[in-house]
Amino acid sequence: MKNIAFVLLASILFNVSNAQTLNSFYADVVAKTSESTILNDLKAFENFGIKNVGSEALTDCENWITARYQSLGYVDVVIQPFTYKAGTSNNIIVTKTGTKYPNTFIVIDAHYDTINGPGTNDNGTGTVLIMELAKLLKDIDTEYSIKFIHFSGEEDGLIGSKYYVKNTVTPEKLDIKLVFNIDEVGGVKGKTNDIIVCERDESNPKSNNADSDKATKRLATCMALYSNLKTEIASAYASDYMPFEDNGLIITGLFEKHESPVNHTAKDDLAHMDVNYVYEVTKGALGAALEFAGAFKK
Ligand SMILES: [Zn+2]
């Protein structure tokens, strides 16, 4: 009896704290996610080759990303150059203005530079996922503004995101409600890729950890509502959300459950990953982006 009572109480508590339910408007938007677009974009990303900073391949990829936003009709596309020992590279920052809180931002980011190989998983997947979100969010009203950011220099030590935080976020006192980072969500060919890891801040400073935990639980709920994936929560580390985290901001992120054994090698390509997994992750991420940005039907 004691056990049953405990289970009942736990289930009541669970329901109270997870009141978030499926939003049918969000589900309709998520249903437009295109697996064939994701596949074609991953192929295009792969075909640019090894995109390390200083390479022509990276510049070609950057131009491809920028052209995509322009063709989608985004007008606020900013190229932010930064220079370090590997050369000069650019962050791509695209802003969609919110209806109610135009000066408060949800940052959705992924790096597009790669190391040693084409990086189709790390991080073609995050790159392509964000472009799919930007396509489907383009004509949808959101209360908060969204910044879609494609960082460069990540593989050399989070250079682009550190530069952005130091030279834009801090001096301009940007009001960032949440940073949602996507890095390496391609899964592993031949494995059952049915779990997505939702990452929360467990590091110093601690002041922002509770809010990251809340946001990450909200993310996990959305992943479960809008995709067929199961979720796990783990610690955030070693990607472009960390410079934001270091500055006290609230972060969350997505990472694959089965970690690619070929990342940072010439074999990080389509043949070693699972495109259907990327499609499912994109659906869940889109549901979360709609939720985080306060999207509503006109
Ligand atoms: Zn990466």
# chains A, B, ... in the order shown; residues from 1 in each chain; ligands from 1
$ closest_atom_pairs --of "chain A" --to "ligand 1" --cutoff "12 Å" --atoms "only C-alpha atoms and all ligand atoms" --output "tab-separated table"
residue	atom	partner	partner_atom_place_in_ligand_line	distance
A:Asp109	CA	ligand 1	1 (Zn)	11.2
A:Ala110	CA	ligand 1	1 (Zn)	7.9
A:His111	CA	ligand 1	1 (Zn)	6.5
A:Tyr112	CA	ligand 1	1 (Zn)	8.2
A:Asp113	CA	ligand 1	1 (Zn)	8.3
A:Thr114	CA	ligand 1	1 (Zn)	7.6
A:Ile115	CA	ligand 1	1 (Zn)	9.2
A:Pro118	CA	ligand 1	1 (Zn)	11.9
A:Gly119	CA	ligand 1	1 (Zn)	8.4
A:Thr120	CA	ligand 1	1 (Zn)	10.2
A:Asn121	CA	ligand 1	1 (Zn)	8.2
A:Asp122	CA	ligand 1	1 (Zn)	4.6
A:Asn123	CA	ligand 1	1 (Zn)	5.0
A:Gly124	CA	ligand 1	1 (Zn)	8.8
A:Thr125	CA	ligand 1	1 (Zn)	9.4
A:Gly126	CA	ligand 1	1 (Zn)	8.4
A:Thr127	CA	ligand 1	1 (Zn)	10.2
A:His150	CA	ligand 1	1 (Zn)	11.7
A:Phe151	CA	ligand 1	1 (Zn)	10.3
A:Ser152	CA	ligand 1	1 (Zn)	10.3
A:Gly153	CA	ligand 1	1 (Zn)	10.2
A:Glu154	CA	ligand 1	1 (Zn)	7.0
A:Glu155	CA	ligand 1	1 (Zn)	6.8
A:Asp156	CA	ligand 1	1 (Zn)	10.4
A:Gly157	CA	ligand 1	1 (Zn)	10.4
A:Leu158	CA	ligand 1	1 (Zn)	9.5
A:Asn181	CA	ligand 1	1 (Zn)	10.1
A:Ile182	CA	ligand 1	1 (Zn)	8.4
A:Asp183	CA	ligand 1	1 (Zn)	4.9
A:Glu184	CA	ligand 1	1 (Zn)	5.7
A:Val185	CA	ligand 1	1 (Zn)	9.4
A:Gly186	CA	ligand 1	1 (Zn)	11.1
A:Tyr237	CA	ligand 1	1 (Zn)	10.9
A:Ala238	CA	ligand 1	1 (Zn)	8.4
A:Ser239	CA	ligand 1	1 (Zn)	6.5
A:Asp240	CA	ligand 1	1 (Zn)	8.5
A:Tyr241	CA	ligand 1	1 (Zn)	11.2
A:Gly253	CA	ligand 1	1 (Zn)	11.9
A:Leu254	CA	ligand 1	1 (Zn)	11.0
A:Phe255	CA	ligand 1	1 (Zn)	9.4
A:Glu256	CA	ligand 1	1 (Zn)	11.1
A:Glu259	CA	ligand 1	1 (Zn)	11.5
A:Ser260	CA	ligand 1	1 (Zn)	11.0
A:Asn263	CA	ligand 1	1 (Zn)	8.5
A:His264	CA	ligand 1	1 (Zn)	8.8
A:Asp268	CA	ligand 1	1 (Zn)	11.3
$ select_by_dssp --residues "segment 7-253 of chain A" --states "alpha helix (DSSP H)" --output "MDAnalysis selection string"
chainID A and resid 7:17 24:30 35:47 56:72 126:137 159:164 209:226 242:246
$ write_last_selection --atoms "C-alpha atoms" --output "CSV table (one decimal), in the first residue's frame"
chain,number,residue,atom,x,y,z
A,7,VAL,CA,3.4,6.2,-6.9
A,8,LEU,CA,0.0,8.0,-6.9
A,9,LEU,CA,1.4,11.0,-5.1
A,10,ALA,CA,4.4,11.0,-7.4
A,11,SER,CA,2.1,10.9,-10.4
A,12,ILE,CA,0.0,13.8,-9.2
A,13,LEU,CA,3.2,15.8,-8.6
A,14,PHE,CA,4.5,14.9,-12.0
A,15,ASN,CA,1.3,16.0,-13.7
A,16,VAL,CA,1.2,19.3,-11.8
A,17,SER,CA,4.8,20.2,-12.7
A,24,SER,CA,-2.2,21.7,-31.9
A,25,PHE,CA,-1.0,24.8,-33.7
A,26,TYR,CA,2.6,23.9,-33.0
A,27,ALA,CA,2.0,20.3,-34.1
A,28,ASP,CA,0.6,21.6,-37.4
A,29,VAL,CA,3.8,23.6,-38.0
A,30,VAL,CA,6.0,20.7,-36.9
A,35,GLU,CA,13.0,15.0,-44.2
A,36,SER,CA,14.0,15.4,-47.9
A,37,THR,CA,15.1,19.0,-47.4
A,38,ILE,CA,17.1,17.9,-44.4
A,39,LEU,CA,18.8,15.1,-46.4
A,40,ASN,CA,19.5,17.5,-49.4
A,41,ASP,CA,20.9,20.1,-47.1
A,42,LEU,CA,23.2,17.6,-45.3
A,43,LYS,CA,24.4,16.4,-48.7
A,44,ALA,CA,25.2,20.0,-49.8
A,45,PHE,CA,27.0,20.6,-46.4
A,46,GLU,CA,29.0,17.5,-46.9
A,47,ASN,CA,29.9,18.4,-50.5
A,56,GLU,CA,37.6,28.1,-49.2
A,57,ALA,CA,35.2,25.3,-48.2
A,58,LEU,CA,34.1,27.2,-45.1
A,59,THR,CA,33.6,30.4,-47.1
A,60,ASP,CA,31.5,28.5,-49.6
A,61,CYS,CA,29.4,27.0,-46.8
A,62,GLU,CA,29.0,30.5,-45.2
A,63,ASN,CA,27.8,31.9,-48.4
A,64,TRP,CA,25.3,29.0,-48.8
A,65,ILE,CA,23.9,29.6,-45.4
A,66,THR,CA,23.6,33.4,-45.9
A,67,ALA,CA,21.9,32.9,-49.3
A,68,ARG,CA,19.4,30.5,-47.7
A,69,TYR,CA,18.3,33.2,-45.2
A,70,GLN,CA,18.0,35.8,-47.9
A,71,SER,CA,15.9,33.4,-50.1
A,72,LEU,CA,13.7,32.7,-47.1
A,126,GLY,CA,22.9,21.5,-36.2
A,127,THR,CA,23.4,23.8,-39.2
A,128,VAL,CA,20.7,22.1,-41.3
A,129,LEU,CA,18.3,21.8,-38.3
A,130,ILE,CA,18.4,25.6,-37.6
A,131,MET,CA,17.9,26.4,-41.3
A,132,GLU,CA,14.8,24.2,-41.3
A,133,LEU,CA,13.5,25.9,-38.1
A,134,ALA,CA,14.1,29.3,-39.7
A,135,LYS,CA,12.1,28.3,-42.8
A,136,LEU,CA,9.1,27.1,-40.8
A,137,LEU,CA,9.2,30.0,-38.3
A,159,ILE,CA,36.2,31.2,-30.8
A,160,GLY,CA,33.2,32.6,-32.6
A,161,SER,CA,30.8,32.3,-29.7
A,162,LYS,CA,33.3,33.7,-27.3
A,163,TYR,CA,33.8,36.6,-29.7
A,164,TYR,CA,30.1,37.2,-30.0
A,209,ASN,CA,21.6,26.5,-13.0
A,210,ALA,CA,18.1,26.3,-11.7
A,211,ASP,CA,16.6,28.2,-14.6
A,212,SER,CA,18.6,26.1,-17.0
A,213,ASP,CA,17.2,23.0,-15.4
A,214,LYS,CA,13.7,24.4,-15.8
A,215,ALA,CA,14.3,25.2,-19.5
A,216,THR,CA,15.9,21.8,-20.2
A,217,LYS,CA,12.9,20.0,-18.7
A,218,ARG,CA,10.6,22.1,-20.8
A,219,LEU,CA,12.8,21.2,-23.8
A,220,ALA,CA,12.6,17.5,-22.9
A,221,THR,CA,8.8,17.7,-22.7
A,222,CYS,CA,8.7,19.3,-26.2
A,223,MET,CA,11.1,16.7,-27.7
A,224,ALA,CA,8.7,14.0,-26.4
A,225,LEU,CA,5.6,15.8,-27.6
A,226,TYR,CA,6.7,16.8,-31.1
A,242,MET,CA,29.4,27.7,-22.7
A,243,PRO,CA,30.6,31.3,-23.3
A,244,PHE,CA,27.0,32.4,-22.6
A,245,GLU,CA,26.9,30.2,-19.5
A,246,ASP,CA,30.1,31.7,-18.3
$ atom_distance --atom1 "atom CA of Leu174 of chain A" --atom2 "atom CA of Thr99 of chain A"
17.2 Å
$ closest_residue --among "A:Asn193, A:Asn116, A:Thr231, A:Asn91" --to "Thr168 of chain A" --atoms "only C-alpha atoms"
A:Asn91
$ closest_residue --among "A:Val78, A:Leu249, A:Val262, A:Val281" --to "Lys230 of chain A" --atoms "only C-alpha atoms"
A:Val281
